[in-house]
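Structure first, then comments.
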Amino acid sequence: MASVAASSSISFAASFLKIKAFPLSPRFFPIRTLRCSVSSSSSEPIEFDISFAPPKPKPSSTHGGVTPQQLFIPWIVRSDDGTLKLQSQPPARLIHNLAIDATTQNPKKKDKSKKKQPQATSSSSATTTASSPASHSEVKPKLSKAARRFYNENFKEQPQRLSKVLAAAGVASRRTSEELIFDGKVTVNGILCNTPQTRVDPSRDIIYVNGNRIPKKLPPKVYFALNKPKGYICSSGEKEIKSAISLFDEYLSSWDKRNPGTPKPRLFTVGRLDVATTGLIVVTNDGDFAQKLSHPSSSLPKEYITTVVGDIHKRHLMAISEGTMVEGVHCVPDSVELMPKQHDIPRARLRIVVHEGRNHEVRELVKNAGLEVHSLKRVRIGGFRLPSDLG
């Protein structure tokens, strides 16, 4: 503390006071009074004294029975009337709010690993200590809700319709599977199911068909490009002798050796080619893929090479381009082109591209133009073309 006494007021507009402070050192005597003067050009010098209070005595140690002086923290509090006042105790409202916050906060979770273990003998405690690392290694880390949701939406297989699961498992076609469900030959978790739209999960639900259980693991999705020869029909029925699916008998017979423990896929053709038409056809066991590929809304272009009997004139090309009626719908091809002649192929050929893919559409277009089809081959579906080296 310092008290300043002066005889008159001091104006610092024309002059200022410079006071330099030096750190005290034990070598110097303490200064009790400091004489200062302020001078300016317009007035006489003013002298005044600065007196310093003596230092406070240091508190004695507690060993002598005397406790040190208590430290007070000043609190500036606004009273109800709006005035500020200084007090040594915190306001009552603050203490009340702190008490409420302490009771409403969630208590900290206790660490389960710090729980006291029951007392045991020295041999049993040694066994427990030795087995504890193994028990910790077997505990799987818990994943967050966001991680589990991301896995379920992107990787885990969602429940599917019962008829679709039966078809994917190789029981029968989807239509035949629906007939089995309607006939009461399918049970789900021991309960008879008559609704093909029932959502099931093969990995969790127990499904039986005619007393045979469906495997939990479904066969993988496979896709083939087949160069169908002449004389084969696109049907997977067992009654058909020369079916396009019968060309995969050797591949399916060796499935268990190449894929042990994996169910065998049930293959079917995507779309159809008549018995006299050759060329590209897709074979798979993916029903969703087949639906997208063959549905008319996809509008995938299909390219055919037609070999005709006789010569082709301009009027024939004009008649094919105008289209014809097929199954009650007027079908117009996307493009018609006369291909150049080759030495090894004496007959004239046409390249015809359609997108509707109706039954016998290309044959009807050529027939309506007054031409006779000698051979018909499909070489392209959408962006996939039949490889030239595929036998």
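Note on naming: chains are A, B, ... as they come in the structure tokens, residues start from 1 per chain, ligands start from 1 in the order shown.
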Hey, what does DSSP flag as strand (DSSP E) within stretch 249-306 of chain A? Can you give it to me as a tab-separated table (two decimals) with C-alpha atoms, in the first residue's frame?
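Saved as states24.tsv:
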chain	number	residue	atom	x	y	z
A	268	PHE	CA	-31.52	-70.46	-66.53
A	269	THR	CA	-31.39	-68.44	-69.73
A	270	VAL	CA	-32.10	-64.72	-69.91
A	278	THR	CA	-28.12	-69.38	-83.00
A	279	GLY	CA	-25.83	-66.90	-81.28
A	280	LEU	CA	-25.53	-65.02	-78.02
A	281	ILE	CA	-27.67	-65.80	-75.00
A	282	VAL	CA	-26.92	-65.04	-71.34
A	283	VAL	CA	-27.14	-67.82	-68.73
A	284	THR	CA	-27.18	-66.98	-65.01
A	302	LYS	CA	-30.21	-56.58	-79.95
A	303	GLU	CA	-28.25	-57.09	-83.16
A	304	TYR	CA	-28.93	-59.97	-85.55
A	305	ILE	CA	-27.17	-61.20	-88.72
A	306	THR	CA	-29.77	-62.59	-91.13
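With atom CA of A:Leu166 on one side and atom CA of A:Arg204 on the other, the separation reads 14.7 Å.
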Compile the contact shell of A:Ile214 as a ChimeraX atom specification: residues with an atom at most 12 Å away, counting only C-alpha atoms, same-chain residues fewer than 3 positions apart removed. /A:162,165-171,186-189,200-211,217-219,263
Could you write out that same residue set with N, CA and C atoms as a CSV table (one decimal), in the first residue's frame?
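Output file selection-v3.csv follows:
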chain,number,residue,atom,x,y,z
A,162,LEU,N,-39.8,-65.4,-50.1
A,162,LEU,CA,-39.7,-66.8,-49.9
A,162,LEU,C,-39.5,-67.5,-51.3
A,165,VAL,N,-36.0,-66.9,-52.6
A,165,VAL,CA,-35.0,-67.7,-51.9
A,165,VAL,C,-35.0,-69.2,-52.4
A,166,LEU,N,-36.2,-69.7,-52.6
A,166,LEU,CA,-36.3,-71.1,-53.1
A,166,LEU,C,-35.7,-71.2,-54.5
A,167,ALA,N,-36.0,-70.2,-55.4
A,167,ALA,CA,-35.4,-70.3,-56.7
A,167,ALA,C,-33.9,-70.1,-56.7
A,168,ALA,N,-33.4,-69.2,-55.8
A,168,ALA,CA,-31.9,-69.0,-55.7
A,168,ALA,C,-31.2,-70.3,-55.1
A,169,ALA,N,-31.9,-71.0,-54.3
A,169,ALA,CA,-31.3,-72.2,-53.7
A,169,ALA,C,-31.4,-73.4,-54.6
A,170,GLY,N,-32.0,-73.2,-55.8
A,170,GLY,CA,-32.0,-74.3,-56.8
A,170,GLY,C,-33.1,-75.3,-56.6
A,171,VAL,N,-34.2,-74.9,-55.9
A,171,VAL,CA,-35.3,-75.9,-55.7
A,171,VAL,C,-36.1,-76.0,-57.0
A,186,VAL,N,-44.1,-76.0,-48.1
A,186,VAL,CA,-43.0,-75.3,-47.6
A,186,VAL,C,-43.3,-74.8,-46.2
A,187,THR,N,-42.4,-75.0,-45.2
A,187,THR,CA,-42.5,-74.6,-43.9
A,187,THR,C,-41.3,-73.6,-43.5
A,188,VAL,N,-41.6,-72.6,-42.7
A,188,VAL,CA,-40.6,-71.7,-42.2
A,188,VAL,C,-40.6,-71.7,-40.7
A,189,ASN,N,-39.5,-72.1,-40.1
A,189,ASN,CA,-39.4,-72.2,-38.7
A,189,ASN,C,-40.5,-73.1,-38.1
A,200,VAL,N,-37.9,-63.8,-45.7
A,200,VAL,CA,-37.2,-64.7,-44.9
A,200,VAL,C,-35.7,-64.4,-45.1
A,201,ASP,N,-34.9,-64.9,-44.1
A,201,ASP,CA,-33.5,-64.8,-44.1
A,201,ASP,C,-32.9,-66.2,-44.1
A,202,PRO,N,-32.3,-66.8,-45.1
A,202,PRO,CA,-31.9,-68.2,-45.1
A,202,PRO,C,-30.8,-68.4,-44.0
A,203,SER,N,-30.0,-67.4,-43.6
A,203,SER,CA,-29.0,-67.7,-42.6
A,203,SER,C,-29.6,-67.8,-41.2
A,204,ARG,N,-30.8,-67.4,-41.0
A,204,ARG,CA,-31.4,-67.4,-39.7
A,204,ARG,C,-32.7,-68.3,-39.7
A,205,ASP,N,-33.5,-68.2,-40.7
A,205,ASP,CA,-34.7,-69.0,-40.7
A,205,ASP,C,-34.5,-70.4,-41.2
A,206,ILE,N,-35.3,-71.3,-40.6
A,206,ILE,CA,-35.2,-72.8,-41.0
A,206,ILE,C,-36.3,-73.0,-42.0
A,207,ILE,N,-35.9,-73.4,-43.2
A,207,ILE,CA,-36.9,-73.5,-44.3
A,207,ILE,C,-36.8,-75.0,-44.8
A,208,TYR,N,-38.0,-75.6,-44.9
A,208,TYR,CA,-38.1,-77.0,-45.4
A,208,TYR,C,-39.0,-77.0,-46.6
A,209,VAL,N,-38.6,-77.8,-47.6
A,209,VAL,CA,-39.4,-78.0,-48.9
A,209,VAL,C,-39.5,-79.5,-49.1
A,210,ASN,N,-40.7,-80.0,-49.0
A,210,ASN,CA,-41.0,-81.5,-49.1
A,210,ASN,C,-40.1,-82.3,-48.2
A,211,GLY,N,-39.9,-81.8,-47.0
A,211,GLY,CA,-39.1,-82.5,-46.0
A,211,GLY,C,-37.6,-82.3,-46.1
A,217,LYS,N,-26.5,-71.2,-46.6
A,217,LYS,CA,-25.7,-70.5,-47.5
A,217,LYS,C,-26.2,-70.6,-48.9
A,218,LEU,N,-26.6,-69.5,-49.5
A,218,LEU,CA,-27.1,-69.6,-50.9
A,218,LEU,C,-25.9,-69.7,-51.9
A,219,PRO,N,-26.1,-70.3,-53.1
A,219,PRO,CA,-25.1,-70.4,-54.1
A,219,PRO,C,-24.6,-69.0,-54.6
A,263,PRO,N,-23.3,-74.5,-52.2
A,263,PRO,CA,-24.4,-75.1,-52.9
A,263,PRO,C,-24.3,-74.8,-54.4
Got a sec to tell me which of stretch 133-211 of chain A DSSP assigns to alpha helix (DSSP H), as a PyMOL selection string? chain A and resi 133-138+145-154+162-168+174-182
So that I can check the surroundings of A:Lys230, please list as a ChimeraX atom specification every protein, DNA and RNA residue that reaches within 7 Å of it, counting only C-alpha atoms and ignoring chain neighbours fewer than 6 positions away. /A:275-278
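Coordinates place atom CA of A:Thr198 at a distance of 21.8 Å from atom CA of A:Ala290.
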Within 9 Å of A:Arg349 using only C-alpha atoms, minus same-chain residues under 5 positions, as number ranges by chain: A: 305-308, 312, 337-341
One number please: atom CA of A:Lys216 to atom CA of A:Asp256, in Å, one decimal. 16.7 Å
List the neighbours of stretch 89-104 of chain A out to 8 Å using only C-alpha atoms; skip same-chain residues closer than 4 positions along the sequence, and give me the result as a ChimeraX atom specification. /A:73-75,77
Of the candidates A:Lys292, A:Lys367, A:Arg358, A:Lys257, which one gets nearest to A:Gly382 if we count only C-alpha atoms? A:Lys292
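Distances to A:Thr324 were evaluated for A:Asn152, A:Asn285, A:Ser243, A:Asn368 using only C-alpha atoms, and the minimum falls at A:Asn368.
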Selection near A:Leu371, 12 Å with only C-alpha atoms, sequence-local residues under 3 positions removed, as an MDAnalysis selection string: chainID A and resid 306:313 315:317 319:320 348:350 362:368 374
